[in-house]
$ cat start_20.txt   # compact mmCIF, C-alpha atoms and all ligand atoms
# COMPACT_ATOMS: atom_id res chain seq x y z
CA PRO A 1 -4.40 -22.28 -4.75
CA LEU A 2 -2.24 -23.67 -1.96
CA VAL A 3 -0.44 -20.70 -0.42
CA LEU A 4 1.94 -20.29 2.51
CA GLY A 5 2.03 -16.90 4.22
CA ILE A 6 4.76 -15.47 6.43
CA GLU A 7 4.19 -12.58 8.86
CA SER A 8 6.91 -10.78 10.83
CA SER A 9 5.97 -7.09 10.83
CA CYS A 10 5.95 -6.58 14.59
CA ASP A 11 6.36 -9.04 17.46
CA GLU A 12 4.47 -12.06 16.10
CA THR A 13 6.24 -14.63 13.94
CA GLY A 14 3.44 -16.21 11.94
CA VAL A 15 3.27 -18.93 9.32
CA GLY A 16 -0.11 -19.80 7.84
CA ILE A 17 -1.19 -22.13 5.08
CA VAL A 18 -4.45 -21.91 3.14
CA ARG A 19 -5.98 -23.80 0.25
CA GLY A 20 -8.21 -21.31 -1.52
CA ARG A 21 -10.19 -19.92 1.41
CA GLU A 22 -9.74 -22.96 3.60
CA LEU A 23 -7.44 -22.50 6.59
CA LEU A 24 -5.04 -25.45 6.93
CA ALA A 25 -2.53 -24.14 9.46
CA ASN A 26 -1.84 -21.02 11.51
CA GLU A 27 1.25 -21.12 13.72
CA VAL A 28 2.04 -17.99 15.72
CA ALA A 29 5.00 -17.42 18.04
CA SER A 30 4.93 -14.13 19.92
CA SER A 31 7.94 -12.38 21.46
CA VAL A 32 5.59 -10.20 23.54
CA ASP A 33 6.98 -11.56 26.83
CA LEU A 34 10.41 -10.18 25.93
CA HIS A 35 8.96 -6.68 25.49
CA VAL A 36 6.76 -6.52 28.59
CA ARG A 37 9.36 -4.98 30.86
CA PHE A 38 10.04 -2.23 28.30
CA GLY A 39 6.32 -1.40 28.00
CA GLY A 40 6.44 -1.67 24.21
CA VAL A 41 8.01 -3.57 21.34
CA VAL A 42 11.80 -3.17 21.12
CA PRO A 43 12.64 -3.47 17.40
CA GLU A 44 16.06 -5.16 17.80
CA VAL A 45 14.68 -7.68 20.27
CA ALA A 46 11.74 -8.43 17.94
CA SER A 47 14.04 -8.99 14.94
CA ARG A 48 16.21 -11.44 16.82
CA ALA A 49 13.17 -13.31 18.13
CA HIS A 50 11.84 -13.66 14.56
CA LEU A 51 15.16 -15.20 13.52
CA SER A 52 14.94 -17.97 16.06
CA ALA A 53 11.17 -18.53 15.76
CA MET A 54 10.81 -18.59 11.97
CA VAL A 55 12.02 -22.07 11.02
CA PRO A 56 10.24 -23.84 13.92
CA ALA A 57 6.99 -22.01 13.04
CA LEU A 58 7.40 -23.04 9.41
CA GLU A 59 7.96 -26.67 10.39
CA ARG A 60 4.95 -26.70 12.70
CA ALA A 61 2.71 -25.15 10.04
CA VAL A 62 3.75 -27.66 7.38
CA ALA A 63 3.17 -30.53 9.79
CA ALA A 64 -0.22 -29.17 10.91
CA ALA A 65 -1.40 -28.65 7.33
CA ASP A 66 -0.03 -32.06 6.39
CA ILE A 67 1.30 -30.85 3.06
CA ASP A 68 4.51 -31.20 1.10
CA LEU A 69 6.11 -27.80 0.48
CA ARG A 70 6.54 -28.76 -3.19
CA GLN A 71 2.75 -28.73 -3.56
CA LEU A 72 2.61 -24.97 -2.85
CA ASP A 73 1.39 -22.69 -5.63
CA ALA A 74 2.92 -19.58 -4.10
CA VAL A 75 4.59 -18.02 -1.08
CA ALA A 76 3.31 -14.72 0.36
CA VAL A 77 5.06 -12.52 2.89
CA THR A 78 4.37 -9.21 4.61
CA ALA A 79 6.31 -6.50 2.74
CA GLY A 80 5.01 -3.70 5.01
CA PRO A 81 3.96 -1.71 6.89
CA GLY A 82 5.85 -2.62 10.05
CA LEU A 83 9.27 -2.53 11.69
CA MET A 84 12.10 -2.56 9.15
CA GLY A 85 14.31 -5.17 10.80
CA ALA A 86 11.39 -7.40 11.73
CA LEU A 87 9.96 -7.29 8.20
CA LEU A 88 13.36 -8.17 6.72
CA VAL A 89 13.51 -11.47 8.60
CA GLY A 90 10.22 -12.64 7.10
CA ILE A 91 11.10 -11.34 3.64
CA SER A 92 14.52 -13.06 3.62
CA SER A 93 12.95 -16.31 4.77
CA ALA A 94 10.21 -16.11 2.13
CA LYS A 95 12.70 -15.31 -0.63
CA ALA A 96 14.86 -18.27 0.36
CA LEU A 97 11.85 -20.59 0.47
CA ALA A 98 10.35 -19.40 -2.83
CA THR A 99 13.70 -19.55 -4.60
CA TYR A 100 14.47 -23.03 -3.29
CA LEU A 101 11.01 -24.31 -4.27
CA ASN A 102 10.97 -22.31 -7.52
CA LYS A 103 7.54 -20.86 -6.67
CA PRO A 104 6.16 -17.34 -7.24
CA LEU A 105 6.61 -14.92 -4.34
CA TYR A 106 4.16 -12.18 -3.38
CA GLY A 107 5.22 -9.33 -1.09
CA VAL A 108 1.87 -8.26 0.34
CA ASN A 109 0.36 -5.50 2.47
CA HIS A 110 -0.10 -6.42 6.14
CA LEU A 111 -3.17 -4.19 6.50
CA VAL A 112 -4.91 -5.82 3.55
CA GLY A 113 -4.10 -9.13 5.26
CA HIS A 114 -6.09 -7.95 8.30
CA VAL A 115 -9.04 -7.48 5.91
CA ALA A 116 -8.55 -10.62 3.79
CA VAL A 117 -8.41 -12.98 6.77
CA ASP A 118 -12.18 -12.63 7.07
CA LEU A 119 -12.61 -14.58 3.82
CA LEU A 120 -11.31 -17.66 5.63
CA GLU A 121 -14.21 -17.40 8.07
CA ASP A 122 -17.06 -15.86 6.12
CA GLY A 123 -16.27 -16.52 2.44
CA GLU A 124 -16.77 -14.10 -0.44
CA LEU A 125 -17.04 -10.46 0.67
CA PRO A 126 -19.84 -8.53 -1.06
CA MET A 127 -18.42 -5.54 -2.97
CA PRO A 128 -18.24 -2.70 -2.34
CA SER A 129 -17.89 -2.79 1.43
CA VAL A 130 -16.40 -0.71 4.20
CA ALA A 131 -13.71 -2.02 6.53
CA LEU A 132 -12.88 -0.65 9.96
CA LEU A 133 -9.23 -1.46 10.54
CA VAL A 134 -8.11 -0.99 14.13
CA SER A 135 -4.69 -2.12 15.29
CA GLY A 136 -1.61 -1.14 17.24
CA GLY A 137 -0.26 1.07 14.48
CA HIS A 138 -3.34 1.95 12.42
CA THR A 139 -6.93 3.11 12.72
CA SER A 140 -8.59 3.52 9.36
CA LEU A 141 -11.81 3.33 7.47
CA LEU A 142 -11.38 1.66 4.10
CA HIS A 143 -13.65 1.64 1.08
CA VAL A 144 -13.09 -1.75 -0.54
CA THR A 145 -14.25 -2.19 -4.13
CA ASP A 146 -11.83 -5.00 -5.08
CA MET A 147 -9.71 -6.56 -2.37
CA THR A 148 -6.80 -7.43 -4.63
CA ARG A 149 -6.55 -4.12 -6.48
CA SER A 150 -8.63 -1.32 -5.09
CA ILE A 151 -8.75 -0.33 -1.45
CA THR A 152 -9.13 3.34 -0.64
CA GLU A 153 -8.49 4.84 2.75
CA VAL A 154 -11.33 7.27 3.43
CA GLY A 155 -10.34 8.16 6.99
CA SER A 156 -7.59 7.51 9.50
CA THR A 157 -6.30 8.64 12.85
CA ILE A 158 -4.66 12.04 12.93
CA ASP A 159 -2.59 11.08 15.99
CA ASP A 160 -2.62 7.84 18.01
CA ALA A 161 -3.99 4.53 16.74
CA ALA A 162 -6.74 2.92 18.83
CA GLY A 163 -4.46 0.10 20.00
CA GLU A 164 -1.78 2.61 20.86
CA ALA A 165 -4.31 4.49 23.03
CA TYR A 166 -5.16 1.24 24.84
CA ASP A 167 -1.47 0.53 25.41
CA LYS A 168 -0.74 4.07 26.65
CA VAL A 169 -3.73 4.21 28.99
CA ALA A 170 -2.80 0.79 30.39
CA ARG A 171 0.67 2.10 31.04
CA LEU A 172 -0.52 5.16 32.94
CA LEU A 173 -2.76 2.93 35.05
CA GLY A 174 0.23 0.71 35.80
CA LEU A 175 -1.23 -2.24 33.90
CA ALA A 176 0.67 -4.79 31.83
CA TYR A 177 1.68 -4.48 28.18
CA PRO A 178 -0.02 -4.94 25.75
CA GLY A 179 -2.84 -2.96 27.30
CA GLY A 180 -5.70 -3.88 24.99
CA PRO A 181 -6.55 -7.32 26.35
CA VAL A 182 -5.95 -6.20 29.98
CA ILE A 183 -8.26 -3.17 29.74
CA ASP A 184 -10.85 -5.23 27.88
CA LYS A 185 -10.94 -7.68 30.80
CA LEU A 186 -10.94 -5.10 33.62
CA ALA A 187 -13.62 -3.05 31.86
CA ALA A 188 -16.04 -5.95 32.22
CA ASP A 189 -16.30 -5.14 35.96
CA GLY A 190 -16.53 -1.37 35.52
CA ASP A 191 -19.25 1.17 34.73
CA PRO A 192 -18.85 2.57 31.20
CA GLY A 193 -20.88 5.62 32.21
CA ALA A 194 -18.87 6.39 35.35
CA ILE A 195 -16.64 9.04 33.77
CA ALA A 196 -17.52 11.18 30.74
CA PHE A 197 -14.36 11.03 28.63
CA PRO A 198 -14.20 13.03 25.37
CA ARG A 199 -15.20 11.61 21.98
CA GLY A 200 -12.50 12.91 19.63
CA LEU A 201 -13.46 14.61 16.34
CA THR A 202 -17.20 14.16 16.78
CA ALA A 203 -18.17 17.79 17.39
CA ARG A 204 -20.11 19.27 14.50
CA ARG A 205 -17.24 21.47 13.33
CA ASP A 206 -14.80 18.55 13.48
CA MET A 207 -17.19 16.34 11.55
CA GLU A 208 -17.21 18.84 8.68
CA GLN A 209 -13.45 18.61 8.36
CA HIS A 210 -12.75 15.13 9.70
CA ARG A 211 -15.86 13.09 9.04
CA PHE A 212 -14.16 9.68 8.92
CA ASP A 213 -10.96 10.57 10.75
CA PHE A 214 -10.13 9.65 14.32
CA SER A 215 -8.18 11.21 17.17
CA PHE A 216 -7.31 9.41 20.38
CA SER A 217 -4.52 11.48 21.90
CA GLY A 218 -6.96 13.92 23.54
CA LEU A 219 -8.76 10.99 25.14
CA LYS A 220 -5.49 9.58 26.44
CA THR A 221 -4.61 12.98 27.93
CA ALA A 222 -8.07 13.28 29.49
CA VAL A 223 -7.63 9.90 31.18
CA ALA A 224 -4.16 10.93 32.40
CA ARG A 225 -5.50 14.22 33.85
CA TRP A 226 -8.40 12.51 35.55
CA VAL A 227 -6.16 9.91 37.17
CA GLU A 228 -3.60 12.55 38.17
CA LEU A 229 -6.24 14.69 39.85
CA ARG A 230 -7.60 11.71 41.77
CA ARG A 231 -4.11 10.91 43.00
CA LEU A 232 -3.55 14.52 44.09
CA GLU A 233 -6.80 14.37 46.01
CA GLY A 234 -5.43 11.26 47.71
CA LYS A 235 -8.29 9.11 46.48
CA ASP A 236 -8.15 5.58 45.14
CA ILE A 237 -8.29 5.06 41.39
CA PRO A 238 -11.39 3.06 40.39
CA VAL A 239 -9.43 1.16 37.74
CA ALA A 240 -12.34 -0.88 36.39
CA ASP A 241 -14.48 2.25 35.95
CA VAL A 242 -11.65 4.14 34.25
CA CYS A 243 -11.08 1.17 31.89
CA ALA A 244 -14.79 0.80 31.10
CA SER A 245 -15.30 4.54 30.53
CA PHE A 246 -12.18 4.86 28.38
CA GLN A 247 -13.16 1.80 26.37
CA GLU A 248 -16.67 3.15 25.88
CA ALA A 249 -15.27 6.42 24.49
CA VAL A 250 -13.03 4.56 22.02
CA CYS A 251 -15.72 2.15 20.87
CA ASP A 252 -18.43 4.82 20.66
CA VAL A 253 -16.36 6.92 18.25
CA LEU A 254 -15.10 3.97 16.19
CA THR A 255 -18.56 2.51 15.68
CA ARG A 256 -20.31 5.83 15.04
CA LYS A 257 -17.86 6.83 12.32
CA ALA A 258 -17.78 3.35 10.79
CA VAL A 259 -21.57 3.25 10.47
CA ASP A 260 -21.55 6.80 9.08
CA ALA A 261 -19.00 5.71 6.42
CA ALA A 262 -20.98 2.59 5.53
CA ARG A 263 -24.09 4.69 4.98
CA HIS A 264 -22.19 7.39 3.09
CA PHE A 265 -20.79 4.80 0.64
CA ASP A 266 -24.11 2.97 0.61
CA VAL A 267 -22.67 -0.48 1.34
CA ASP A 268 -24.53 -3.45 2.81
CA THR A 269 -21.53 -5.07 4.45
CA MET A 270 -18.96 -3.94 6.99
CA LEU A 271 -15.81 -5.76 7.98
CA LEU A 272 -13.94 -5.36 11.25
CA GLY A 273 -10.22 -6.14 11.31
CA GLY A 274 -6.90 -5.60 13.11
CA GLY A 275 -5.73 -6.42 16.64
CA VAL A 276 -8.26 -4.16 18.40
CA ALA A 277 -11.05 -6.01 16.56
CA ALA A 278 -10.48 -8.65 19.24
CA ASN A 279 -12.03 -6.20 21.74
CA SER A 280 -15.24 -7.55 23.23
CA ARG A 281 -17.03 -4.19 23.59
CA LEU A 282 -16.12 -3.09 20.06
CA ARG A 283 -17.46 -6.37 18.69
CA THR A 284 -20.82 -6.11 20.43
CA LEU A 285 -21.36 -2.37 20.00
CA LEU A 286 -20.53 -2.50 16.29
CA GLU A 287 -22.84 -5.49 15.86
CA GLU A 288 -25.65 -3.54 17.56
CA ARG A 289 -25.11 -0.37 15.57
CA THR A 290 -24.74 -2.06 12.17
CA ALA A 291 -27.75 -4.29 12.78
CA ALA A 292 -29.82 -1.21 13.68
CA VAL A 293 -29.30 0.18 10.16
CA GLY A 294 -29.46 -3.13 8.31
CA ILE A 295 -25.75 -3.54 7.60
CA GLU A 296 -24.23 -7.01 7.82
CA LEU A 297 -21.13 -7.10 10.04
CA ARG A 298 -18.30 -9.55 9.47
CA ARG A 299 -15.81 -10.06 12.28
CA PRO A 300 -13.17 -12.75 12.23
CA ARG A 301 -12.63 -14.67 15.47
CA PRO A 302 -10.24 -12.82 17.84
CA ALA A 303 -7.29 -15.17 17.18
CA LEU A 304 -7.40 -14.19 13.51
CA CYS A 305 -7.69 -10.45 14.32
CA THR A 306 -4.26 -10.14 15.94
CA ASP A 307 -1.16 -10.60 13.76
CA ASN A 308 -0.76 -14.05 12.21
CA GLY A 309 0.46 -15.84 9.08
CA ALA A 310 -2.97 -17.03 7.94
CA MET A 311 -3.98 -13.46 7.07
CA ILE A 312 -0.95 -13.17 4.78
CA ALA A 313 -1.67 -16.54 3.18
CA ALA A 314 -5.29 -15.38 2.76
CA ILE A 315 -4.44 -12.26 0.78
CA GLY A 316 -1.78 -14.29 -1.10
CA SER A 317 -4.44 -16.77 -2.15
CA GLU A 318 -6.71 -13.96 -3.35
CA VAL A 319 -4.04 -12.30 -5.51
CA VAL A 320 -3.00 -15.65 -7.04
CA ARG A 321 -6.64 -16.38 -7.82
CA ALA A 322 -7.09 -12.90 -9.34
CA GLY A 323 -4.06 -13.38 -11.60
CA VAL A 324 -2.03 -10.55 -10.07
CA ALA A 325 1.65 -10.67 -11.14
CA PRO A 326 4.08 -11.90 -8.48
CA SER A 327 6.66 -9.56 -6.92
CA SER A 328 10.13 -9.45 -8.42
CA LEU A 329 12.64 -11.12 -6.12
CA ASP A 330 14.53 -7.91 -5.40
CA PHE A 331 11.80 -6.14 -3.40
CA SER A 332 12.61 -4.96 0.09
CA ALA A 333 10.68 -4.09 3.23
CA ASN A 334 8.57 -0.93 3.19
CA PRO A 335 7.81 0.20 6.76
CA GLY A 336 5.32 2.79 5.47
CA LEU A 337 3.61 0.80 2.71
CA PRO A 338 0.24 2.48 1.98
CA VAL A 339 -2.91 0.35 2.10
CA SER A 340 -3.56 1.13 -1.58
CA THR A 341 -0.58 -1.09 -2.53
CA VAL A 342 -1.77 -4.68 -2.13
CA VAL A 343 1.24 -6.40 -3.77
CA VAL A 344 4.67 -4.75 -4.07
P1 LIG A 401 -0.41 -2.85 12.62
O1 LIG A 401 -1.32 -3.96 12.22
O2 LIG A 401 -1.05 -1.51 12.56
O3 LIG A 401 0.92 -2.91 11.94
P2 LIG A 401 0.23 -4.33 14.99
O4 LIG A 401 0.50 -5.38 13.99
O5 LIG A 401 1.22 -4.05 16.07
O6 LIG A 401 -0.10 -3.00 14.20
P3 LIG A 401 -2.00 -5.87 15.83
O7 LIG A 401 -1.30 -7.11 16.26
O8 LIG A 401 -2.88 -5.93 14.66
O9 LIG A 401 -1.09 -4.58 15.70
O10 LIG A 401 -2.77 -5.35 17.12
C1 LIG A 401 -2.09 -5.14 18.34
C2 LIG A 401 -2.88 -4.13 19.14
O11 LIG A 401 -4.17 -4.66 19.43
C3 LIG A 401 -2.25 -3.75 20.46
O12 LIG A 401 -2.25 -2.34 20.58
C4 LIG A 401 -3.18 -4.39 21.49
O13 LIG A 401 -3.26 -3.65 22.70
C5 LIG A 401 -4.50 -4.36 20.75
N1 LIG A 401 -5.44 -5.38 21.25
C6 LIG A 401 -5.31 -6.72 21.25
N2 LIG A 401 -6.35 -7.31 21.86
C7 LIG A 401 -7.19 -6.30 22.25
C8 LIG A 401 -8.44 -6.23 22.93
N3 LIG A 401 -9.07 -7.32 23.36
N4 LIG A 401 -8.97 -5.00 23.16
C9 LIG A 401 -8.36 -3.87 22.74
N5 LIG A 401 -7.19 -3.88 22.09
C10 LIG A 401 -6.60 -5.07 21.85
MG MG A 402 1.69 -7.86 18.26
FE FE A 403 -1.29 -5.99 12.54
$ encode --input "start_20.txt" --output "structure tokens" --more "lines below"
Ligand code: ATP
Ligand code: MG
Ligand code: FE
Amino acid sequence: PLVLGIESSCDETGVGIVRGRELLANEVASSVDLHVRFGGVVPEVASRAHLSAMVPALERAVAAADIDLRQLDAVAVTAGPGLMGALLVGISSAKALATYLNKPLYGVNHLVGHVAVDLLEDGELPMPSVALLVSGGHTSLLHVTDMTRSITEVGSTIDDAAGEAYDKVARLLGLAYPGGPVIDKLAADGDPGAIAFPRGLTARRDMEQHRFDFSFSGLKTAVARWVELRRLEGKDIPVADVCASFQEAVCDVLTRKAVDAARHFDVDTMLLGGGVAANSRLRTLLEERTAAVGIELRRPRPALCTDNGAMIAAIGSEVVRAGVAPSSLDFSANPGLPVSTVVV
């Protein structure tokens, strides 16, 4: 099917177009520059930016894909999770488009989009599989038995998301927002073994209770304390070493628990998704650790890991193909949509 997907859950306005699992267009406009001085996304600012970016992104996507909108089989849009006002801009646009074209509309789950986007790169996903979803708002391990109907969250963060930890640590080091890409880059010149930061929820007692869950707020506090102490001692902060050691702690825990889950559920394939999946250390360490136990790792290219419209078109295409019923036109945004709901 030819499907157009609209994404507006946070600060990226995305319009993607796919035919089946072939990517035809992926236009992304980010309002991140408007949020930099606030050190985080300002919801009102993001909503307004979506309003002005949406139609131009749509026009660019249609031109890039070289299609006629009337050829579309369906329109898909992020229904949640995300920021209420931001989601509403995409949903209103999608409803207007689908109504005007008289095409079915699918309100889809953003997190499942982060998983489905891999199909555009690597084709059919062997089932069942385990997905490690790491983004600004979420850090979860998912057991996927049917992408369009059955995704079960088997573990998640009990406090901060991995991306959130990156952003907060960047902030306390005085680095730019968003922190993920900045820390990733600085870490390349640092020693990951320089500072022994804690690995949350990996002690034996924690593993009994929280086998596939994550915790990153203790790590963030440990970094803050370490930096504070250095400053009190009047010493310089070895920023690259702090970044590399922090990153190593995050990636060590994420990859250990992901491999543990894959073995527990006896799957042959693991999928890495979400904005933090763009992280260079996470990509290589997970590749090493999955390869060591004979699990095939699938990781979309970094540009498809961060928020975009192609991921929404991708899950839209899958649900159309699977014969899932479209959403009724009166659905609204759901900021807390659970990953188990693929289509609203
Ligand atoms: P969610 O998908 O949970 O709703 P979101 O849409 O805000 O959250 P994404 O766009 O998927 O999140 O990811 C953004 C996050 O990814 C930010 O926290 C950012 O710091 C992080 N990130 C992006 N690139 C990298 C990188 N190279 N290394 C580490 N983190 C990164
Ligand atoms: Mg973003
Ligand atoms: Fe996202």
$ residues_near_ligand --input "start_20.txt" --ligand "ligand FE 403 (chain A)" --cutoff "7 Å" --atoms "all atoms listed in the file" --output "tab-separated table (two decimals) with C-alpha atoms, keeping the file's coordinate frame"
chain	number	residue	atom	x	y	z
A	110	HIS	CA	-0.10	-6.42	6.14
A	111	LEU	CA	-3.17	-4.19	6.50
A	114	HIS	CA	-6.09	-7.95	8.30
A	135	SER	CA	-4.69	-2.12	15.29
A	136	GLY	CA	-1.61	-1.14	17.24
A	274	GLY	CA	-6.90	-5.60	13.11
A	275	GLY	CA	-5.73	-6.42	16.64
A	306	THR	CA	-4.26	-10.14	15.94
A	307	ASP	CA	-1.16	-10.60	13.76
$ closest_atom_pairs --input "start_20.txt" --of "chain A" --to "ligand MG 402 (chain A)" --cutoff "12 Å" --atoms "only C-alpha atoms and all ligand atoms" --output "JSON lines"
{"residue": "A:Glu7", "atom": "CA", "partner": "A:MG402", "partner_atom": "MG", "distance": 10.8}
{"residue": "A:Ser8", "atom": "CA", "partner": "A:MG402", "partner_atom": "MG", "distance": 9.5}
{"residue": "A:Ser9", "atom": "CA", "partner": "A:MG402", "partner_atom": "MG", "distance": 8.6}
{"residue": "A:Cys10", "atom": "CA", "partner": "A:MG402", "partner_atom": "MG", "distance": 5.8}
{"residue": "A:Asp11", "atom": "CA", "partner": "A:MG402", "partner_atom": "MG", "distance": 4.9}
{"residue": "A:Glu12", "atom": "CA", "partner": "A:MG402", "partner_atom": "MG", "distance": 5.5}
{"residue": "A:Thr13", "atom": "CA", "partner": "A:MG402", "partner_atom": "MG", "distance": 9.2}
{"residue": "A:Gly14", "atom": "CA", "partner": "A:MG402", "partner_atom": "MG", "distance": 10.6}
{"residue": "A:Val28", "atom": "CA", "partner": "A:MG402", "partner_atom": "MG", "distance": 10.4}
{"residue": "A:Ala29", "atom": "CA", "partner": "A:MG402", "partner_atom": "MG", "distance": 10.1}
{"residue": "A:Ser30", "atom": "CA", "partner": "A:MG402", "partner_atom": "MG", "distance": 7.3}
{"residue": "A:Ser31", "atom": "CA", "partner": "A:MG402", "partner_atom": "MG", "distance": 8.4}
{"residue": "A:Val32", "atom": "CA", "partner": "A:MG402", "partner_atom": "MG", "distance": 7.0}
{"residue": "A:Asp33", "atom": "CA", "partner": "A:MG402", "partner_atom": "MG", "distance": 10.7}
{"residue": "A:Leu34", "atom": "CA", "partner": "A:MG402", "partner_atom": "MG", "distance": 11.8}
{"residue": "A:His35", "atom": "CA", "partner": "A:MG402", "partner_atom": "MG", "distance": 10.3}
{"residue": "A:Val36", "atom": "CA", "partner": "A:MG402", "partner_atom": "MG", "distance": 11.6}
{"residue": "A:Gly40", "atom": "CA", "partner": "A:MG402", "partner_atom": "MG", "distance": 9.8}
{"residue": "A:Val41", "atom": "CA", "partner": "A:MG402", "partner_atom": "MG", "distance": 8.2}
{"residue": "A:Val42", "atom": "CA", "partner": "A:MG402", "partner_atom": "MG", "distance": 11.5}
{"residue": "A:Pro43", "atom": "CA", "partner": "A:MG402", "partner_atom": "MG", "distance": 11.8}
{"residue": "A:Ala46", "atom": "CA", "partner": "A:MG402", "partner_atom": "MG", "distance": 10.1}
{"residue": "A:Gly82", "atom": "CA", "partner": "A:MG402", "partner_atom": "MG", "distance": 10.6}
{"residue": "A:Leu83", "atom": "CA", "partner": "A:MG402", "partner_atom": "MG", "distance": 11.4}
{"residue": "A:Ala86", "atom": "CA", "partner": "A:MG402", "partner_atom": "MG", "distance": 11.7}
{"residue": "A:Ser135", "atom": "CA", "partner": "A:MG402", "partner_atom": "MG", "distance": 9.1}
{"residue": "A:Gly136", "atom": "CA", "partner": "A:MG402", "partner_atom": "MG", "distance": 7.6}
{"residue": "A:Gly137", "atom": "CA", "partner": "A:MG402", "partner_atom": "MG", "distance": 9.9}
{"residue": "A:Gly163", "atom": "CA", "partner": "A:MG402", "partner_atom": "MG", "distance": 10.2}
{"residue": "A:Glu164", "atom": "CA", "partner": "A:MG402", "partner_atom": "MG", "distance": 11.3}
{"residue": "A:Asp167", "atom": "CA", "partner": "A:MG402", "partner_atom": "MG", "distance": 11.5}
{"residue": "A:Tyr177", "atom": "CA", "partner": "A:MG402", "partner_atom": "MG", "distance": 10.5}
{"residue": "A:Pro178", "atom": "CA", "partner": "A:MG402", "partner_atom": "MG", "distance": 8.2}
{"residue": "A:Gly179", "atom": "CA", "partner": "A:MG402", "partner_atom": "MG", "distance": 11.2}
{"residue": "A:Gly180", "atom": "CA", "partner": "A:MG402", "partner_atom": "MG", "distance": 10.8}
{"residue": "A:Pro181", "atom": "CA", "partner": "A:MG402", "partner_atom": "MG", "distance": 11.6}
{"residue": "A:Gly274", "atom": "CA", "partner": "A:MG402", "partner_atom": "MG", "distance": 10.3}
{"residue": "A:Gly275", "atom": "CA", "partner": "A:MG402", "partner_atom": "MG", "distance": 7.7}
{"residue": "A:Val276", "atom": "CA", "partner": "A:MG402", "partner_atom": "MG", "distance": 10.6}
{"residue": "A:Ala303", "atom": "CA", "partner": "A:MG402", "partner_atom": "MG", "distance": 11.6}
{"residue": "A:Cys305", "atom": "CA", "partner": "A:MG402", "partner_atom": "MG", "distance": 10.5}
{"residue": "A:Thr306", "atom": "CA", "partner": "A:MG402", "partner_atom": "MG", "distance": 6.8}
{"residue": "A:Asp307", "atom": "CA", "partner": "A:MG402", "partner_atom": "MG", "distance": 6.0}
{"residue": "A:Asn308", "atom": "CA", "partner": "A:MG402", "partner_atom": "MG", "distance": 9.0}
$ residues_around --input "start_20.txt" --residues "region 316-319 of chain A" --least-positions-apart "6" --cutoff "7 Å" --atoms "all atoms listed in the file" --output "number ranges by chain"
A: 1, 3, 20, 76, 106, 148
$ atom_distance --input "start_20.txt" --atom1 "CA of Ala98 (chain A)" --atom2 "CA of Leu2 (chain A)"
13.3 Å
$ residues_around --input "start_20.txt" --residues "region 253-266 of chain A" --least-positions-apart "6" --cutoff "6 Å" --atoms "only C-alpha atoms" --output "PyMOL selection string"
chain A and resi 130+212+286
$ write_last_selection --input "start_20.txt" --atoms "C-alpha atoms" --output "PDB file, in the frame of the given file"
ATOM      1  CA  VAL A 130     -16.400  -0.710   4.200  1.00  0.00           C
ATOM      2  CA  PHE A 212     -14.160   9.680   8.920  1.00  0.00           C
ATOM      3  CA  LEU A 286     -20.530  -2.500  16.290  1.00  0.00           C
TER       4      LEU A 286
END
